Structures are given as C-alpha cells and as structure tokens.
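Undergrad: Contents are mmCIF, C-alpha atoms; file name structure-v4.cif:
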```
data_my_file
#
loop_
_atom_site.label_atom_id
_atom_site.label_comp_id
_atom_site.auth_asym_id
_atom_site.auth_seq_id
_atom_site.Cartn_x
_atom_site.Cartn_y
_atom_site.Cartn_z
CA MET K 1 39.30 153.43 39.73
CA ASP K 2 38.74 153.17 43.49
CA ILE K 3 40.41 149.71 43.63
CA GLU K 4 43.33 150.93 41.56
CA PHE K 5 43.87 153.88 43.92
CA LYS K 6 43.81 151.53 46.96
CA GLU K 7 46.37 149.27 45.28
CA ILE K 8 48.65 152.25 44.64
CA ILE K 9 48.32 153.40 48.25
CA TRP K 10 48.97 149.85 49.50
CA THR K 11 52.06 149.50 47.26
CA VAL K 12 53.45 152.89 48.31
CA SER K 13 52.80 152.03 51.97
CA ALA K 14 54.55 148.68 51.61
CA ILE K 15 57.56 150.30 49.95
CA ALA K 16 57.66 152.99 52.65
CA ALA K 17 57.45 150.36 55.40
CA TRP K 18 60.24 148.31 53.83
CA PHE K 19 62.40 151.43 53.46
CA ALA K 20 61.75 152.44 57.10
CA TYR K 21 62.64 148.92 58.25
CA PHE K 22 65.85 148.94 56.21
CA LEU K 23 66.88 152.35 57.59
CA SER K 24 66.13 151.37 61.20
CA LYS K 25 68.09 148.12 60.86
CA ASN K 26 71.03 149.98 59.34
CA ASN K 27 70.83 152.64 62.07
CA ALA K 28 70.72 149.99 64.81
CA GLN K 29 73.91 148.42 63.44
CA ARG K 30 75.65 151.78 63.40
CA ILE K 31 74.57 152.46 66.98
CA LYS K 32 76.07 149.08 68.04
CA GLU K 33 79.36 149.98 66.36
CA VAL K 34 79.41 153.39 68.04
CA ASP K 35 78.66 151.77 71.42
CA LYS K 36 81.49 149.29 70.86
CA ALA K 37 83.91 152.11 70.02
CA LYS K 38 82.82 154.09 73.09
CA LEU K 39 83.33 151.07 75.35
CA TYR K 40 86.77 150.39 73.89
CA LEU K 41 87.86 154.01 74.30
CA GLU K 42 86.55 154.19 77.88
CA LEU K 43 88.29 150.98 78.92
CA ARG K 44 91.47 151.95 77.08
CA SER K 45 91.67 155.40 78.67
CA ARG K 46 91.14 153.92 82.15
CA TYR K 47 93.90 151.40 81.42
CA LEU K 48 96.33 154.15 80.34
CA VAL K 49 95.81 156.04 83.61
CA ILE K 50 96.36 152.88 85.67
CA ARG K 51 99.38 151.77 83.60
CA GLN K 52 101.13 155.10 84.19
CA ASN K 53 101.26 154.23 87.89
CA ILE K 54 102.96 150.85 87.46
CA PRO K 55 106.74 151.06 87.01
CA ASP K 56 108.14 149.23 83.98
CA ARG K 57 110.29 147.00 86.19
CA PHE K 58 107.17 144.97 87.07
CA PHE K 59 106.86 144.01 83.41
CA LYS K 60 110.00 141.88 83.50
CA HIS K 61 109.66 138.11 83.68
CA ASP K 62 111.51 137.43 86.94
CA MET K 63 110.73 140.65 88.82
CA ASP K 64 108.71 139.89 91.95
CA ILE K 65 106.82 142.11 94.39
CA HIS K 66 106.06 142.06 98.10
CA PRO K 67 102.69 143.19 99.52
CA SER K 68 104.45 146.02 101.37
CA ASP K 69 105.63 147.53 98.06
CA PRO K 70 103.83 150.85 97.48
CA ASN K 71 103.08 149.76 93.90
CA TRP K 72 101.07 146.73 95.06
CA SER K 73 97.78 148.69 95.03
CA ASN K 74 98.54 150.06 91.55
CA ILE K 75 98.85 146.51 90.27
CA GLU K 76 95.61 145.58 92.06
CA GLN K 77 93.93 148.42 90.17
CA TYR K 78 95.29 146.94 86.96
CA TRP K 79 93.63 143.59 87.71
CA TYR K 80 90.34 145.27 88.61
CA GLN K 81 90.56 146.98 85.23
CA CYS K 82 91.18 143.62 83.54
CA PHE K 83 88.11 142.23 85.28
CA ASP K 84 86.08 145.17 83.93
CA GLU K 85 87.40 144.53 80.43
CA TRP K 86 86.38 140.88 80.64
CA PHE K 87 83.02 141.64 82.25
CA CYS K 88 82.04 144.40 79.81
CA THR K 89 82.99 142.38 76.74
CA ASN K 90 81.57 139.03 77.86
CA LYS K 91 78.73 139.60 80.30
CA LEU K 92 76.97 142.78 79.11
CA ASN K 93 74.54 143.18 76.20
CA ILE K 94 74.05 139.48 75.63
CA SER K 95 72.37 138.88 72.28
CA SER K 96 69.18 136.87 72.56
CA SER K 97 69.89 135.20 69.23
CA SER K 98 73.54 134.19 69.75
CA GLY K 99 73.85 134.16 73.55
CA VAL K 100 77.11 136.12 73.19
CA SER K 101 77.86 139.69 74.24
CA GLU K 102 77.57 142.21 71.46
CA PHE K 103 80.97 143.46 72.63
CA HIS K 104 82.67 140.03 72.58
CA GLU K 105 84.56 140.95 69.43
CA LEU K 106 86.56 143.47 71.52
CA TRP K 107 87.55 140.64 73.87
CA ASP K 108 88.69 138.36 71.08
CA GLU K 109 90.48 141.04 69.09
CA TYR K 110 92.19 142.96 71.86
CA PHE K 111 91.57 142.54 75.58
CA LYS K 112 92.15 138.78 75.81
CA GLN K 113 95.63 138.99 74.31
CA ALA K 114 96.54 142.05 76.38
CA ILE K 115 95.57 140.36 79.65
CA GLN K 116 97.22 137.11 78.65
CA SER K 117 100.50 138.83 77.85
CA THR K 118 100.52 140.38 81.33
CA LEU K 119 100.38 136.91 82.87
CA LYS K 120 104.00 136.45 81.70
CA TYR K 121 105.20 138.70 84.51
CA LYS K 122 105.73 137.21 87.96
CA ALA K 123 104.97 140.36 89.96
CA MET K 124 101.71 140.88 88.10
CA ARG K 125 100.71 137.22 88.68
CA ARG K 126 101.62 137.39 92.37
CA VAL K 127 99.28 140.32 92.98
CA LEU K 128 96.51 138.64 90.99
CA SER K 129 96.95 135.33 92.78
CA THR K 130 96.86 137.06 96.18
CA MET K 131 93.72 138.95 95.21
CA ILE K 132 91.89 135.83 94.09
CA LYS K 133 93.06 133.61 96.98
CA GLY K 134 92.18 136.40 99.39
CA ASN K 135 88.65 136.51 98.01
CA VAL K 136 88.98 140.09 96.84
CA SER K 137 85.64 141.01 95.41
CA PHE K 138 84.98 140.31 91.80
CA GLY K 139 81.37 139.80 92.78
CA LYS K 140 79.67 136.51 92.06
CA LEU K 141 81.91 136.15 89.01
CA ARG K 142 85.16 135.62 90.93
CA THR K 143 85.22 131.89 90.16
CA ASP K 144 84.44 132.47 86.47
CA TYR K 145 87.15 135.12 86.27
CA GLU K 146 89.69 132.86 87.99
CA ARG K 147 88.81 130.01 85.61
CA LEU K 148 89.31 132.33 82.64
CA LEU K 149 92.69 133.53 83.92
CA ASN K 150 93.84 129.95 84.50
CA GLU K 151 92.77 129.06 80.95
CA LEU K 152 94.76 132.02 79.61
CA TRP K 153 97.73 130.96 81.75
CA ILE K 154 97.62 127.36 80.47
CA GLU K 155 97.32 128.60 76.89
CA LEU K 156 100.25 130.94 77.46
CA ASN K 157 102.32 128.10 78.90
CA ASN K 158 102.13 126.33 75.58
CA ASP K 159 104.48 129.11 74.44
CA VAL K 160 106.39 129.65 77.70
CA SER K 161 108.14 126.89 79.60
CA SER K 162 106.51 126.47 83.01
CA ASP K 163 105.15 123.62 85.07
CA ALA K 164 102.53 125.82 86.74
CA LYS K 165 98.99 124.71 85.92
CA THR K 166 97.28 127.69 87.55
CA ILE K 167 98.24 131.27 88.22
CA HIS K 168 98.69 130.29 91.90
CA ASP K 169 101.06 127.30 91.61
CA GLU K 170 104.38 129.06 91.91
CA PHE K 171 103.24 131.06 94.96
CA GLU K 172 102.00 128.19 97.12
#
```
Would you give me this structure, written as structure tokens?
TA:
Amino acid sequence: MDIEFKEIIWTVSAIAAWFAYFLSKNNAQRIKEVDKAKLYLELRSRYLVIRQNIPDRFFKHDMDIHPSDPNWSNIEQYWYQCFDEWFCTNKLNISSSSGVSEFHELWDEYFKQAIQSTLKYKAMRRVLSTMIKGNVSFGKLRTDYERLLNELWIELNNDVSSDAKTIHDEFE
C-alpha cells in the first residue's frame, strides 16, 4: 500500500509539474506578444507626433530642402525615430536560440517598408544623407544603419528609375 501511495503522489506531482510548465510557457508567449504590441504602439505614437511637424510638401518626389529651412530639424527627428524603429526591432531582445530580435517581426511586417517608402522623397534623403555624412550620432551603429539604408535604397531602385547606388550619390 505504501508503494502504491508513493506512485500516486509521484504521478500527481508529474502531472502538476507538466501542467505548470505548460502554463508558464503559454504565459511567456503571451507576455512576448504584449511586449511586441507595446513597442509597436510606443514607436507608432512617437512617429505620429513627429510626422505632424513635417509638411506634406516634403513627401513629394522632387521637393528638395535646404539646411536653413525651419523644417530641417523636424525631418532629422524623423530619421532619429527611424533609427529607433530599426534598433528596437533588430538589436534588442536577441533570442539565444535564433540570434534574431524577438521584435524582428515588427521590422519585417511594418517598419522596413515604411522607412523604405520615405527614401523615395528627395528632401527626406537629403536630410538623412547630411546627417550620416556629418557623423550625427547613431552611436556605434551608424555604419550598420547606413548600410541598411543603402540596401533599402538599392532595393527601392529596382522599382524606381535612378542611377544612385547610395542615399548620398545625388547630393555629392
């Protein structure tokens, strides 16, 4: 009888442990999804505030801008925001198993295309190019960020006719 009771206790304990493991795994996944939603909403609301301060005329293909334009700093803020979007979705919370950010899905599904579409506009590119050539701080990731933007620009140029190979070419 004593052995039978121990077997029952062991079986119940094993079932309870499995159930606890299952619940914690499920809860961890939900927490990741909530964190992803929070990050998206935070980045999106910051973008909306910045975007309100950039006149629509700068989102026309041939519209250019001069550094003395009072909107120059608003466009700089936009590019800082884009850096944050890239950084948060590619460099934070790197999974030890995959080596990829747990937020990378946000980059692939939203932020990458949004940033790439902005590269169509000359005024936006001019400010970005000036920031990068002027060594405006993007920390130690400036080179990585510039490489990414050039890759997006080249990819975009498959759809848009341009001879420029980098975001800087037309401004040199």
Undergrad: Take atom CA of K:Leu43 and atom CA of K:Lys122 and report the distance between them in Å, one decimal.
TA: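 Calculated distance between atom CA of K:Leu43 and atom CA of K:Lys122 is 24.0 Å.
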Undergrad: With all atoms listed in the file as the atoms that count, which of K:Phe83, K:Arg142, K:Ser98, K:Ser129 lies nearest to K:Ile115?
TA: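 Selected residue with least distance to K:Ile115: K:Phe83.
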Undergrad: Under the rule that all atoms listed in the file are counted, which of K:Tyr121, K:Asn158, K:Ser101, K:Asp84 is the nearest residue to K:Glu42?
TA: K:Asp84
Undergrad: Compare K:Thr166, K:Leu149, K:Ile15, K:Leu39 by their minimum atom-to-atom distance to K:Leu92, counting only C-alpha atoms, and give me the closest one.
TA: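 Of K:Thr166, K:Leu149, K:Ile15, K:Leu39, the one nearest K:Leu92, counting only C-alpha atoms, is K:Leu39.
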Undergrad: So how far away is atom CA of K:Glu105 from atom CA of K:His168, in Å?
TA: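 Straight-line distance from atom CA of K:His168 to atom CA of K:Glu105 works out to 28.6 Å.
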Undergrad: I want to know what sits within 12 Å of K:Ile54, based on all atoms listed in the file, with residues of the same chain fewer than 6 positions away left out; could you give that as an mmCIF file with C-alpha atoms, in the frame of the given file?
TA:
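Written file, around.cif:
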```
data_model
loop_
_atom_site.group_PDB
_atom_site.id
_atom_site.type_symbol
_atom_site.label_atom_id
_atom_site.label_comp_id
_atom_site.auth_asym_id
_atom_site.auth_seq_id
_atom_site.Cartn_x
_atom_site.Cartn_y
_atom_site.Cartn_z
ATOM 1 C CA TYR K 47 93.900 151.400 81.420
ATOM 2 C CA LEU K 48 96.330 154.150 80.340
ATOM 3 C CA ILE K 65 106.820 142.110 94.390
ATOM 4 C CA ASP K 69 105.630 147.530 98.060
ATOM 5 C CA PRO K 70 103.830 150.850 97.480
ATOM 6 C CA ASN K 71 103.080 149.760 93.900
ATOM 7 C CA TRP K 72 101.070 146.730 95.060
ATOM 8 C CA SER K 73 97.780 148.690 95.030
ATOM 9 C CA ASN K 74 98.540 150.060 91.550
ATOM 10 C CA ILE K 75 98.850 146.510 90.270
ATOM 11 C CA GLU K 76 95.610 145.580 92.060
ATOM 12 C CA GLN K 77 93.930 148.420 90.170
ATOM 13 C CA TYR K 78 95.290 146.940 86.960
ATOM 14 C CA TRP K 79 93.630 143.590 87.710
ATOM 15 C CA ALA K 123 104.970 140.360 89.960
ATOM 16 C CA MET K 124 101.710 140.880 88.100
#
```
Undergrad: Can you list, as an MDAnalysis selection string, the residues that the PyMOL selection byres ((chain K and resi 116) around 12) selects here?
TA: chainID K and resid 79 82 86 107:108 110:115 117:121 124:125 148:157 159:160 167
Undergrad: Would you put the residues from that selection into a file with C-alpha atoms, as a short mmCIF file (atom, residue, chain, number, x, y, z; two decimals), in the coordinates of the input?
TA:
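Final output, saved to result-v3.cif:
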```cif
data_model
loop_
_atom_site.label_atom_id
_atom_site.label_comp_id
_atom_site.auth_asym_id
_atom_site.auth_seq_id
_atom_site.Cartn_x
_atom_site.Cartn_y
_atom_site.Cartn_z
CA TRP K 79 93.63 143.59 87.71
CA CYS K 82 91.18 143.62 83.54
CA TRP K 86 86.38 140.88 80.64
CA TRP K 107 87.55 140.64 73.87
CA ASP K 108 88.69 138.36 71.08
CA TYR K 110 92.19 142.96 71.86
CA PHE K 111 91.57 142.54 75.58
CA LYS K 112 92.15 138.78 75.81
CA GLN K 113 95.63 138.99 74.31
CA ALA K 114 96.54 142.05 76.38
CA ILE K 115 95.57 140.36 79.65
CA SER K 117 100.50 138.83 77.85
CA THR K 118 100.52 140.38 81.33
CA LEU K 119 100.38 136.91 82.87
CA LYS K 120 104.00 136.45 81.70
CA TYR K 121 105.20 138.70 84.51
CA MET K 124 101.71 140.88 88.10
CA ARG K 125 100.71 137.22 88.68
CA LEU K 148 89.31 132.33 82.64
CA LEU K 149 92.69 133.53 83.92
CA ASN K 150 93.84 129.95 84.50
CA GLU K 151 92.77 129.06 80.95
CA LEU K 152 94.76 132.02 79.61
CA TRP K 153 97.73 130.96 81.75
CA ILE K 154 97.62 127.36 80.47
CA GLU K 155 97.32 128.60 76.89
CA LEU K 156 100.25 130.94 77.46
CA ASN K 157 102.32 128.10 78.90
CA ASP K 159 104.48 129.11 74.44
CA VAL K 160 106.39 129.65 77.70
CA ILE K 167 98.24 131.27 88.22
#
```
Undergrad: Please indicate the distance in Å from atom CA of K:Asp144 to atom CA of K:Cys88, rounded to one decimal place.
TA: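 Separating atom CA of K:Asp144 from atom CA of K:Cys88 is a distance of 13.9 Å.
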